[in-house]
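The data block below is final_22.txt; it holds compact mmCIF, C-alpha atoms.
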```txt
# COMPACT_ATOMS: atom_id res chain seq x y z
CA MET F 1 10.57 42.61 -18.12
CA VAL F 2 12.05 45.78 -16.67
CA VAL F 3 15.79 46.01 -17.20
CA SER F 4 17.47 45.79 -13.78
CA SER F 5 21.07 45.42 -12.77
CA ILE F 6 19.97 42.95 -10.11
CA LEU F 7 20.11 40.61 -13.07
CA THR F 8 22.05 42.71 -15.55
CA SER F 9 25.49 44.29 -15.31
CA ALA F 10 26.32 47.77 -16.57
CA ALA F 11 28.30 46.20 -19.40
CA ALA F 12 25.32 44.06 -20.41
CA LEU F 13 23.02 47.06 -20.35
CA ARG F 14 25.44 48.96 -22.55
CA SER F 15 25.70 46.05 -24.97
CA LYS F 16 21.92 45.76 -25.16
CA TYR F 17 21.27 49.38 -26.04
CA LEU F 18 24.43 50.67 -27.71
CA THR F 19 24.22 49.19 -31.21
CA ALA F 20 24.82 50.53 -34.70
CA THR F 21 21.09 50.36 -35.36
CA ALA F 22 20.28 52.34 -32.22
CA TYR F 23 22.96 54.93 -32.97
CA ASN F 24 21.64 55.44 -36.51
CA ASN F 25 18.10 55.69 -35.17
CA SER F 26 19.20 58.44 -32.78
CA LEU F 27 20.66 60.36 -35.71
CA THR F 28 17.75 59.93 -38.12
CA THR F 29 15.15 60.80 -35.48
CA LYS F 30 17.34 63.62 -34.11
CA ARG F 31 17.01 62.43 -30.54
CA THR F 32 17.82 65.34 -28.22
CA ALA F 33 18.48 65.40 -24.48
CA VAL F 34 19.05 68.26 -22.06
CA VAL F 35 21.39 67.38 -19.19
CA VAL F 36 21.50 69.86 -16.31
CA GLY F 37 24.59 69.55 -14.15
CA ALA F 38 26.61 68.21 -17.08
CA THR F 39 29.88 69.83 -16.03
CA SER F 40 30.83 67.16 -13.48
CA GLY F 41 29.92 63.93 -11.73
CA ILE F 42 26.87 61.91 -12.65
CA GLY F 43 25.53 64.60 -14.98
CA ARG F 44 28.73 64.61 -17.00
CA ALA F 45 28.75 60.81 -17.21
CA ILE F 46 25.13 60.75 -18.38
CA SER F 47 25.80 63.41 -21.02
CA HIS F 48 28.74 61.33 -22.28
CA ARG F 49 26.61 58.18 -22.40
CA LEU F 50 23.87 59.85 -24.42
CA ALA F 51 26.44 61.36 -26.79
CA GLU F 52 27.77 57.84 -27.33
CA GLN F 53 24.23 56.78 -28.20
CA GLY F 54 24.06 59.36 -31.00
CA TYR F 55 21.84 61.79 -29.12
CA THR F 56 22.25 65.51 -29.51
CA VAL F 57 23.21 66.61 -26.00
CA ILE F 58 22.47 70.09 -24.67
CA ALA F 59 24.78 70.33 -21.67
CA VAL F 60 23.69 72.87 -19.06
CA GLY F 61 25.88 74.16 -16.26
CA ARG F 62 27.90 77.01 -14.88
CA SER F 63 30.16 78.69 -17.40
CA ARG F 64 33.93 78.81 -16.87
CA PRO F 65 36.59 80.27 -19.19
CA GLY F 66 37.58 77.59 -21.67
CA ARG F 67 35.36 74.93 -20.09
CA ASP F 68 32.29 75.49 -22.25
CA GLU F 69 34.14 74.68 -25.47
CA ALA F 70 35.93 71.76 -23.84
CA ILE F 71 32.62 70.20 -22.78
CA VAL F 72 31.27 70.34 -26.34
CA LYS F 73 34.54 68.97 -27.74
CA THR F 74 34.45 66.03 -25.33
CA LEU F 75 30.86 65.26 -26.31
CA GLU F 76 31.82 65.37 -29.98
CA ASP F 77 34.72 63.02 -29.30
CA LYS F 78 32.42 60.61 -27.44
CA SER F 79 30.01 60.50 -30.38
CA ALA F 80 32.80 60.06 -32.92
CA GLN F 81 34.54 57.31 -30.95
CA SER F 82 31.27 55.48 -30.44
CA ALA F 83 30.49 55.61 -34.17
CA SER F 84 33.95 54.22 -34.89
CA ASN F 85 33.57 51.44 -32.30
CA LEU F 86 30.25 50.49 -33.88
CA SER F 87 31.97 50.28 -37.31
CA LEU F 88 29.72 52.92 -38.82
CA PRO F 89 30.81 54.45 -42.14
CA LYS F 90 33.24 57.34 -41.81
CA GLU F 91 30.78 59.64 -43.57
CA THR F 92 28.17 59.06 -40.86
CA PRO F 93 27.12 62.48 -39.58
CA LEU F 94 27.64 63.25 -35.94
CA PRO F 95 25.15 64.93 -33.59
CA ARG F 96 25.69 68.63 -32.93
CA HIS F 97 26.14 69.14 -29.21
CA GLU F 98 25.72 72.39 -27.31
CA PHE F 99 26.63 73.98 -24.01
CA ARG F 100 24.18 76.37 -22.37
CA PRO F 101 25.49 78.41 -19.43
CA CYS F 102 23.16 78.60 -16.45
CA ASP F 103 23.49 79.39 -12.77
CA ALA F 104 20.90 77.06 -11.24
CA PHE F 105 20.96 79.02 -7.97
CA CYS F 106 18.92 81.69 -9.78
CA LEU F 107 15.43 80.56 -10.76
CA SER F 108 14.86 83.39 -13.21
CA GLU F 109 18.10 82.44 -14.98
CA VAL F 110 17.01 78.80 -15.08
CA ASP F 111 13.74 79.86 -16.67
CA ALA F 112 15.51 82.05 -19.22
CA CYS F 113 17.97 79.27 -20.11
CA ALA F 114 15.14 76.77 -20.55
CA LYS F 115 13.16 79.14 -22.74
CA SER F 116 16.19 79.72 -24.98
CA ILE F 117 16.50 75.95 -25.40
CA LEU F 118 12.77 75.71 -26.10
CA GLN F 119 13.06 78.32 -28.83
CA ASP F 120 15.89 76.47 -30.58
CA HIS F 121 14.63 72.92 -30.01
CA PRO F 122 10.87 72.53 -30.55
CA VAL F 123 11.17 68.79 -29.82
CA LEU F 124 13.04 67.28 -26.87
CA ASP F 125 13.19 63.60 -25.90
CA ALA F 126 14.82 63.66 -22.48
CA LEU F 127 15.55 66.03 -19.63
CA ILE F 128 18.08 64.87 -17.04
CA LEU F 129 18.36 66.85 -13.79
CA THR F 130 21.46 66.23 -11.68
CA GLN F 131 22.42 69.66 -10.30
CA GLY F 132 23.26 69.61 -6.62
CA MET F 133 25.64 70.30 -3.77
CA ALA F 134 26.75 68.63 -0.55
CA THR F 135 27.35 70.95 2.39
CA ILE F 136 26.78 71.16 6.13
CA GLN F 137 25.75 74.82 5.94
CA GLY F 138 22.45 76.03 7.35
CA PHE F 139 19.83 77.97 5.41
CA THR F 140 21.83 80.02 2.89
CA ALA F 141 19.76 82.44 0.85
CA THR F 142 20.22 82.77 -2.88
CA VAL F 143 20.54 86.25 -4.39
CA PRO F 144 18.22 87.89 -5.28
CA GLU F 145 15.40 85.39 -4.71
CA GLY F 146 16.13 84.44 -1.10
CA ASN F 147 15.57 80.67 -1.35
CA ASP F 148 17.93 78.18 0.27
CA GLU F 149 20.85 77.27 -2.01
CA LYS F 150 20.69 73.52 -1.51
CA ILE F 151 16.92 73.28 -1.89
CA THR F 152 17.11 75.49 -4.96
CA LEU F 153 19.51 73.11 -6.70
CA HIS F 154 17.81 69.94 -5.53
CA TYR F 155 14.21 71.02 -6.06
CA TRP F 156 13.07 74.54 -7.07
CA SER F 157 15.39 74.79 -10.10
CA ARG F 158 14.44 71.30 -11.27
CA ILE F 159 10.77 72.19 -11.39
CA ALA F 160 11.52 75.52 -13.07
CA MET F 161 13.58 73.86 -15.82
CA THR F 162 11.04 71.09 -16.40
CA ASN F 163 8.11 73.50 -16.42
CA ALA F 164 9.59 75.63 -19.19
CA LEU F 165 10.58 72.64 -21.35
CA LEU F 166 7.26 70.78 -21.17
CA PRO F 167 6.03 72.04 -24.58
CA SER F 168 9.04 70.47 -26.35
CA LEU F 169 8.98 67.27 -24.29
CA ARG F 170 5.31 66.75 -25.15
CA LYS F 171 6.25 66.55 -28.85
CA SER F 172 8.72 63.67 -28.47
CA GLN F 173 8.13 60.66 -30.71
CA MET F 174 10.01 58.15 -28.56
CA LYS F 175 8.17 54.83 -28.50
CA LYS F 176 7.33 54.97 -24.80
CA GLY F 177 7.39 58.75 -24.53
CA ALA F 178 9.81 61.44 -23.43
CA VAL F 179 11.64 61.02 -20.12
CA VAL F 180 12.21 63.53 -17.34
CA LEU F 181 14.77 62.00 -14.97
CA THR F 182 15.53 63.74 -11.69
CA VAL F 183 18.53 62.05 -10.07
CA LEU F 184 18.43 62.57 -6.31
CA SER F 185 16.98 60.21 -3.72
CA GLY F 186 14.05 58.26 -5.14
CA GLY F 187 12.97 55.52 -2.74
CA VAL F 188 15.68 56.47 -0.23
CA HIS F 189 14.52 59.63 1.56
CA SER F 190 11.97 59.86 4.33
CA PRO F 191 8.91 62.15 4.22
CA PHE F 192 9.44 65.75 5.30
CA LEU F 193 7.20 65.81 8.35
CA ALA F 194 7.06 69.60 8.69
CA TYR F 195 6.00 70.36 5.12
CA GLU F 196 2.84 72.16 6.26
CA LYS F 197 4.41 74.12 9.15
CA ASP F 198 7.67 75.04 7.38
CA PRO F 199 7.10 74.53 3.65
CA GLU F 200 10.22 76.45 2.55
CA LEU F 201 12.40 75.12 5.38
CA LYS F 202 13.14 78.51 6.87
CA THR F 203 12.72 77.70 10.58
CA GLN F 204 13.51 73.98 11.00
CA TYR F 205 16.58 73.72 8.80
CA SER F 206 18.92 70.76 9.25
CA ILE F 207 20.92 68.55 6.89
CA GLN F 208 18.40 65.74 7.34
CA ASN F 209 15.36 67.97 6.86
CA ALA F 210 16.89 69.51 3.74
CA ALA F 211 17.54 66.07 2.27
CA ASN F 212 14.09 64.75 3.11
CA MET F 213 12.34 67.91 1.93
CA ALA F 214 14.08 67.84 -1.46
CA GLY F 215 13.37 64.15 -2.02
CA PHE F 216 9.79 64.35 -0.74
CA TYR F 217 9.03 67.42 -2.86
CA ASN F 218 10.57 65.81 -5.97
CA ASP F 219 8.24 62.84 -5.51
CA LEU F 220 5.17 65.00 -5.04
CA ALA F 221 5.73 67.67 -7.68
CA PHE F 222 6.85 65.36 -10.47
CA ASP F 223 3.96 63.05 -9.62
CA HIS F 224 1.68 66.08 -9.97
CA MET F 225 3.16 66.78 -13.40
CA ALA F 226 2.84 63.13 -14.42
CA ARG F 227 -0.89 63.17 -13.68
CA GLN F 228 -1.65 66.23 -15.82
CA PRO F 229 -3.47 65.07 -19.00
CA ALA F 230 -1.21 67.20 -21.23
CA ASN F 231 1.81 65.27 -19.91
CA GLU F 232 0.37 61.83 -20.49
CA GLY F 233 3.14 61.00 -22.99
CA ILE F 234 5.99 61.95 -20.63
CA ASN F 235 7.62 59.59 -18.12
CA PHE F 236 8.64 61.34 -14.91
CA VAL F 237 11.28 59.38 -13.00
CA HIS F 238 12.81 60.11 -9.59
CA ALA F 239 15.96 58.01 -9.18
CA ALA F 240 18.54 57.38 -6.47
CA PRO F 241 22.02 56.85 -7.94
CA GLY F 242 23.50 55.06 -4.94
CA PHE F 243 27.10 55.49 -3.81
CA VAL F 244 29.06 56.78 -6.81
CA ASN F 245 32.73 57.65 -7.15
CA THR F 246 32.53 61.32 -8.17
CA ASN F 247 33.78 64.65 -6.82
CA TRP F 248 30.76 64.77 -4.47
CA GLY F 249 31.49 66.72 -1.31
CA THR F 250 33.70 69.40 -2.85
CA GLU F 251 31.91 72.04 -0.78
CA MET F 252 32.41 70.12 2.49
CA PRO F 253 34.96 71.17 5.17
CA TRP F 254 38.38 69.60 4.61
CA TYR F 255 38.06 67.14 7.50
CA ILE F 256 34.85 65.68 6.06
CA ARG F 257 36.06 65.91 2.49
CA SER F 258 39.20 63.89 3.31
CA VAL F 259 37.09 61.04 4.70
CA VAL F 260 34.81 61.14 1.66
CA ARG F 261 37.78 61.02 -0.70
CA ALA F 262 39.20 58.02 1.16
CA ILE F 263 36.09 55.90 0.68
CA GLN F 264 35.03 57.14 -2.76
CA PRO F 265 37.01 54.46 -4.64
CA LEU F 266 34.60 51.95 -3.09
CA GLY F 267 31.70 53.53 -4.96
CA ARG F 268 30.31 52.66 -8.36
CA SER F 269 31.98 54.44 -11.26
CA ALA F 270 30.13 57.40 -12.74
CA SER F 271 30.07 55.68 -16.13
CA ASP F 272 28.40 52.57 -14.66
CA CYS F 273 25.93 54.80 -12.83
CA ALA F 274 25.09 56.46 -16.15
CA GLU F 275 24.19 53.05 -17.62
CA TYR F 276 21.88 52.24 -14.71
CA MET F 277 20.23 55.66 -14.86
CA THR F 278 19.71 55.92 -18.63
CA CYS F 279 19.21 52.38 -19.90
CA PRO F 280 16.03 51.53 -17.91
CA THR F 281 14.56 54.97 -18.65
CA VAL F 282 15.62 57.03 -21.68
CA LEU F 283 17.05 54.23 -23.78
CA ALA F 284 14.34 51.77 -22.79
CA SER F 285 11.68 54.25 -23.89
CA ASP F 286 13.49 54.85 -27.16
CA ALA F 287 13.63 51.11 -27.83
CA GLY F 288 10.02 50.53 -26.82
CA ASP F 289 10.93 48.54 -23.71
CA PRO F 290 8.93 48.86 -20.47
CA LEU F 291 10.18 51.30 -17.85
CA PRO F 292 10.31 50.48 -14.12
CA SER F 293 6.94 50.12 -12.41
CA ILE F 294 5.15 53.31 -11.42
CA GLY F 295 5.51 54.22 -7.77
CA LYS F 296 2.03 53.17 -6.54
CA GLY F 297 1.12 50.38 -8.94
CA ASN F 298 1.84 49.11 -12.42
CA ASN F 299 -1.45 50.34 -13.87
CA GLU F 300 -1.66 53.72 -12.16
CA LYS F 301 -0.51 56.92 -13.75
CA GLY F 302 2.08 58.89 -11.85
CA ILE F 303 5.74 59.21 -11.07
CA ILE F 304 8.19 56.32 -11.51
CA VAL F 305 10.52 55.83 -8.55
CA MET F 306 13.75 54.01 -9.37
CA GLY F 307 16.60 52.66 -7.27
CA PRO F 308 20.33 52.68 -8.12
CA ASN F 309 20.11 49.40 -10.03
CA GLY F 310 17.24 50.44 -12.24
CA GLU F 311 14.77 48.60 -10.03
CA PRO F 312 11.35 49.96 -9.02
CA ALA F 313 11.33 51.74 -5.64
CA LYS F 314 8.58 53.04 -3.37
CA LEU F 315 7.05 56.36 -2.48
CA THR F 316 6.88 57.45 1.17
CA SER F 317 3.94 56.71 3.45
CA MET F 318 3.00 60.42 3.38
CA HIS F 319 2.64 60.60 -0.39
CA THR F 320 -1.01 61.64 -0.46
CA THR F 321 -3.24 63.74 -2.67
CA GLU F 322 -3.40 66.37 0.08
CA ALA F 323 0.39 66.58 0.35
CA ASN F 324 0.66 66.63 -3.43
CA ASN F 325 -1.67 69.61 -3.78
CA PHE F 326 -0.12 71.46 -0.84
CA VAL F 327 3.45 71.16 -2.13
CA TRP F 328 2.40 72.05 -5.66
CA ASN F 329 0.80 75.26 -4.39
CA VAL F 330 3.91 76.13 -2.37
CA THR F 331 6.04 75.49 -5.45
CA SER F 332 3.80 77.72 -7.52
CA ASP F 333 4.19 80.53 -4.97
CA VAL F 334 8.00 80.24 -4.85
CA LEU F 335 8.34 80.20 -8.63
CA ASP F 336 5.83 83.04 -8.97
CA ARG F 337 8.10 85.22 -6.83
CA ALA F 338 10.81 84.62 -9.44
CA GLY F 339 8.45 85.61 -12.25
CA ILE F 340 7.74 82.00 -13.33
CA GLN F 341 4.23 80.75 -14.01
CA LEU F 342 3.63 77.01 -13.84
CA ILE F 343 1.95 75.76 -17.02
CA ASN F 344 -0.74 73.11 -17.40
```

Could you show the structure in this file as structure tokens?
Amino acid sequence: MVVSSILTSAAALRSKYLTATAYNNSLTTKRTAVVVGATSGIGRAISHRLAEQGYTVIAVGRSRPGRDEAIVKTLEDKSAQSASNLSLPKETPLPRHEFRPCDAFCLSEVDACAKSILQDHPVLDALILTQGMATIQGFTATVPEGNDEKITLHYWSRIAMTNALLPSLRKSQMKKGAVVLTVLSGGVHSPFLAYEKDPELKTQYSIQNAANMAGFYNDLAFDHMARQPANEGINFVHAAPGFVNTNWGTEMPWYIRSVVRAIQPLGRSASDCAEYMTCPTVLASDAGDPLPSIGKGNNEKGIIVMGPNGEPAKLTSMHTTEANNFVWNVTSDVLDRAGIQLIN
């Protein structure tokens, strides 16, 4: 049975998967996860959770003076404290965590960062993509590539990072296969109706269109990747985290940000969110447990769509082969302009 918080609390999920045996297995098998957006919010919480599991965590995010070292130190502390809580021997080795600086607004930099990771880590077991922003701005071009900032974080950069890391993910020995988890709006967004007329959202930009485009394109492109024969051993998951108490909305105007801050305590904690995002996916695969049902049927290959409680969710009504191929070609063109070639 798929692990779901409809029946299982975050604490129960943690208890199920965080054991001394599982921690030791992570060490002996050198389980390694890349977490993009690990400097704050859900990405940081997920990186902490995987460090507690004994995974080597490669945290990716923007560099700040003193922050890079602090991120690695916190991950080391999480691993050490977890080993102690699990009553492991003091001589138990700890995973060696890393921080990789990357400005995800720049696709060529994302590609370079991913390739540096690929060179140092020939085998990867999980890729978690959480980079994002919340603004009310209109189309805002990145420099030098000229793509919209929000769409770049929520979509273009996620495909660029995944594309470059596929060779290492394909070599994972996890029982149910490596996991690529894009945390955005799986099962929540609507289809982007203008994908053929305005495929890069340059003429019909709105907050709603940007949100729907990013979610719709994540569904389609990661489904395309999931159906490639070379990626048969990789699970591609598009998840919606739900309402989480993080620093979301930092880029918003003060009058919106103040409202957001007032209601944020009502949201799920980032640490609980990390349990619901990782346990039914990465940790389930590692343990040999089934993952949530695939978006269009239990026996069909393709993307897995997951709700905030780890439950299976649905693709949109416009998720078709034609839309899949169209969006994949658009994505190829955008990445090609940044000097990135999509691999098979």

> Need the neighbours of (30.6, 55.8, -17.5): which residues are at most 8 Å away, counting all atoms listed in the file, as a ChimeraX atom specification?
Replying inline: /F:45-46,48-49,269-275

>> Between atom CA of Thr316 of chain F and atom CA of Ala214 of chain F, what distance in Å does the model show, to one decimal?
In response: 12.9 Å

Neighbour list for Ser26 of chain F as a PDB file with C-alpha atoms, keeping the file's coordinate frame, cut-off 12 Å, all atoms listed in the file, skip fewer than 4 positions in-chain:
```
ATOM      1  CA  TYR F  17      21.270  49.380 -26.040  1.00  0.00           C
ATOM      2  CA  LEU F  18      24.430  50.670 -27.710  1.00  0.00           C
ATOM      3  CA  THR F  19      24.220  49.190 -31.210  1.00  0.00           C
ATOM      4  CA  ALA F  20      24.820  50.530 -34.700  1.00  0.00           C
ATOM      5  CA  THR F  21      21.090  50.360 -35.360  1.00  0.00           C
ATOM      6  CA  ALA F  22      20.280  52.340 -32.220  1.00  0.00           C
ATOM      7  CA  LYS F  30      17.340  63.620 -34.110  1.00  0.00           C
ATOM      8  CA  ARG F  31      17.010  62.430 -30.540  1.00  0.00           C
ATOM      9  CA  THR F  32      17.820  65.340 -28.220  1.00  0.00           C
ATOM     10  CA  ALA F  33      18.480  65.400 -24.480  1.00  0.00           C
ATOM     11  CA  LEU F  50      23.870  59.850 -24.420  1.00  0.00           C
ATOM     12  CA  ALA F  51      26.440  61.360 -26.790  1.00  0.00           C
ATOM     13  CA  GLU F  52      27.770  57.840 -27.330  1.00  0.00           C
ATOM     14  CA  GLN F  53      24.230  56.780 -28.200  1.00  0.00           C
ATOM     15  CA  GLY F  54      24.060  59.360 -31.000  1.00  0.00           C
ATOM     16  CA  TYR F  55      21.840  61.790 -29.120  1.00  0.00           C
ATOM     17  CA  THR F  56      22.250  65.510 -29.510  1.00  0.00           C
ATOM     18  CA  VAL F  57      23.210  66.610 -26.000  1.00  0.00           C
ATOM     19  CA  SER F  79      30.010  60.500 -30.380  1.00  0.00           C
ATOM     20  CA  ALA F  83      30.490  55.610 -34.170  1.00  0.00           C
ATOM     21  CA  PRO F  93      27.120  62.480 -39.580  1.00  0.00           C
ATOM     22  CA  LEU F  94      27.640  63.250 -35.940  1.00  0.00           C
ATOM     23  CA  PRO F  95      25.150  64.930 -33.590  1.00  0.00           C
ATOM     24  CA  ASP F 125      13.190  63.600 -25.900  1.00  0.00           C
ATOM     25  CA  GLN F 173       8.130  60.660 -30.710  1.00  0.00           C
ATOM     26  CA  MET F 174      10.010  58.150 -28.560  1.00  0.00           C
ATOM     27  CA  VAL F 282      15.620  57.030 -21.680  1.00  0.00           C
ATOM     28  CA  LEU F 283      17.050  54.230 -23.780  1.00  0.00           C
ATOM     29  CA  ASP F 286      13.490  54.850 -27.160  1.00  0.00           C
ATOM     30  CA  ALA F 287      13.630  51.110 -27.830  1.00  0.00           C
TER      31      ALA F 287
END
```

Hey, what's within 9 Å of Ala240 of chain F if we count all atoms listed in the file and toss same-chain stuff fewer than 2 positions away? As a compact mmCIF listing (two decimals) with C-alpha atoms, keeping the file's coordinate frame, please?
```txt
# COMPACT_ATOMS: atom_id res chain seq x y z
CA THR F 182 15.53 63.74 -11.69
CA VAL F 183 18.53 62.05 -10.07
CA LEU F 184 18.43 62.57 -6.31
CA SER F 185 16.98 60.21 -3.72
CA GLY F 186 14.05 58.26 -5.14
CA GLY F 187 12.97 55.52 -2.74
CA VAL F 188 15.68 56.47 -0.23
CA HIS F 238 12.81 60.11 -9.59
CA GLY F 242 23.50 55.06 -4.94
CA MET F 277 20.23 55.66 -14.86
CA VAL F 305 10.52 55.83 -8.55
CA MET F 306 13.75 54.01 -9.37
CA GLY F 307 16.60 52.66 -7.27
CA PRO F 308 20.33 52.68 -8.12
CA ASN F 309 20.11 49.40 -10.03
```

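Taking atom CA of Lys197 of chain F as the reference point, atom CA of Thr140 of chain F is found at 19.4 Å.
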
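Here atom CA of Cys102 of chain F is placed at a distance of 17.0 Å from atom CA of His121 of chain F.
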
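Among F:Pro292, F:Pro241, F:Pro265, F:Pro199, the residue with the shortest atom-to-atom distance to Trp328 of chain F, counting all atoms listed in the file, is F:Pro199.
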
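With only C-alpha atoms as the basis for measurement, F:Pro101 is the residue among F:Pro101, F:Gly43, F:Pro167, F:Pro89 that approaches Arg62 of chain F most closely.
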
> When distances are computed from all atoms listed in the file, which of F:Ile151, F:Leu88, F:Ile340, F:Leu169 shows the smallest separation from Leu107 of chain F?
Replying inline: F:Ile340
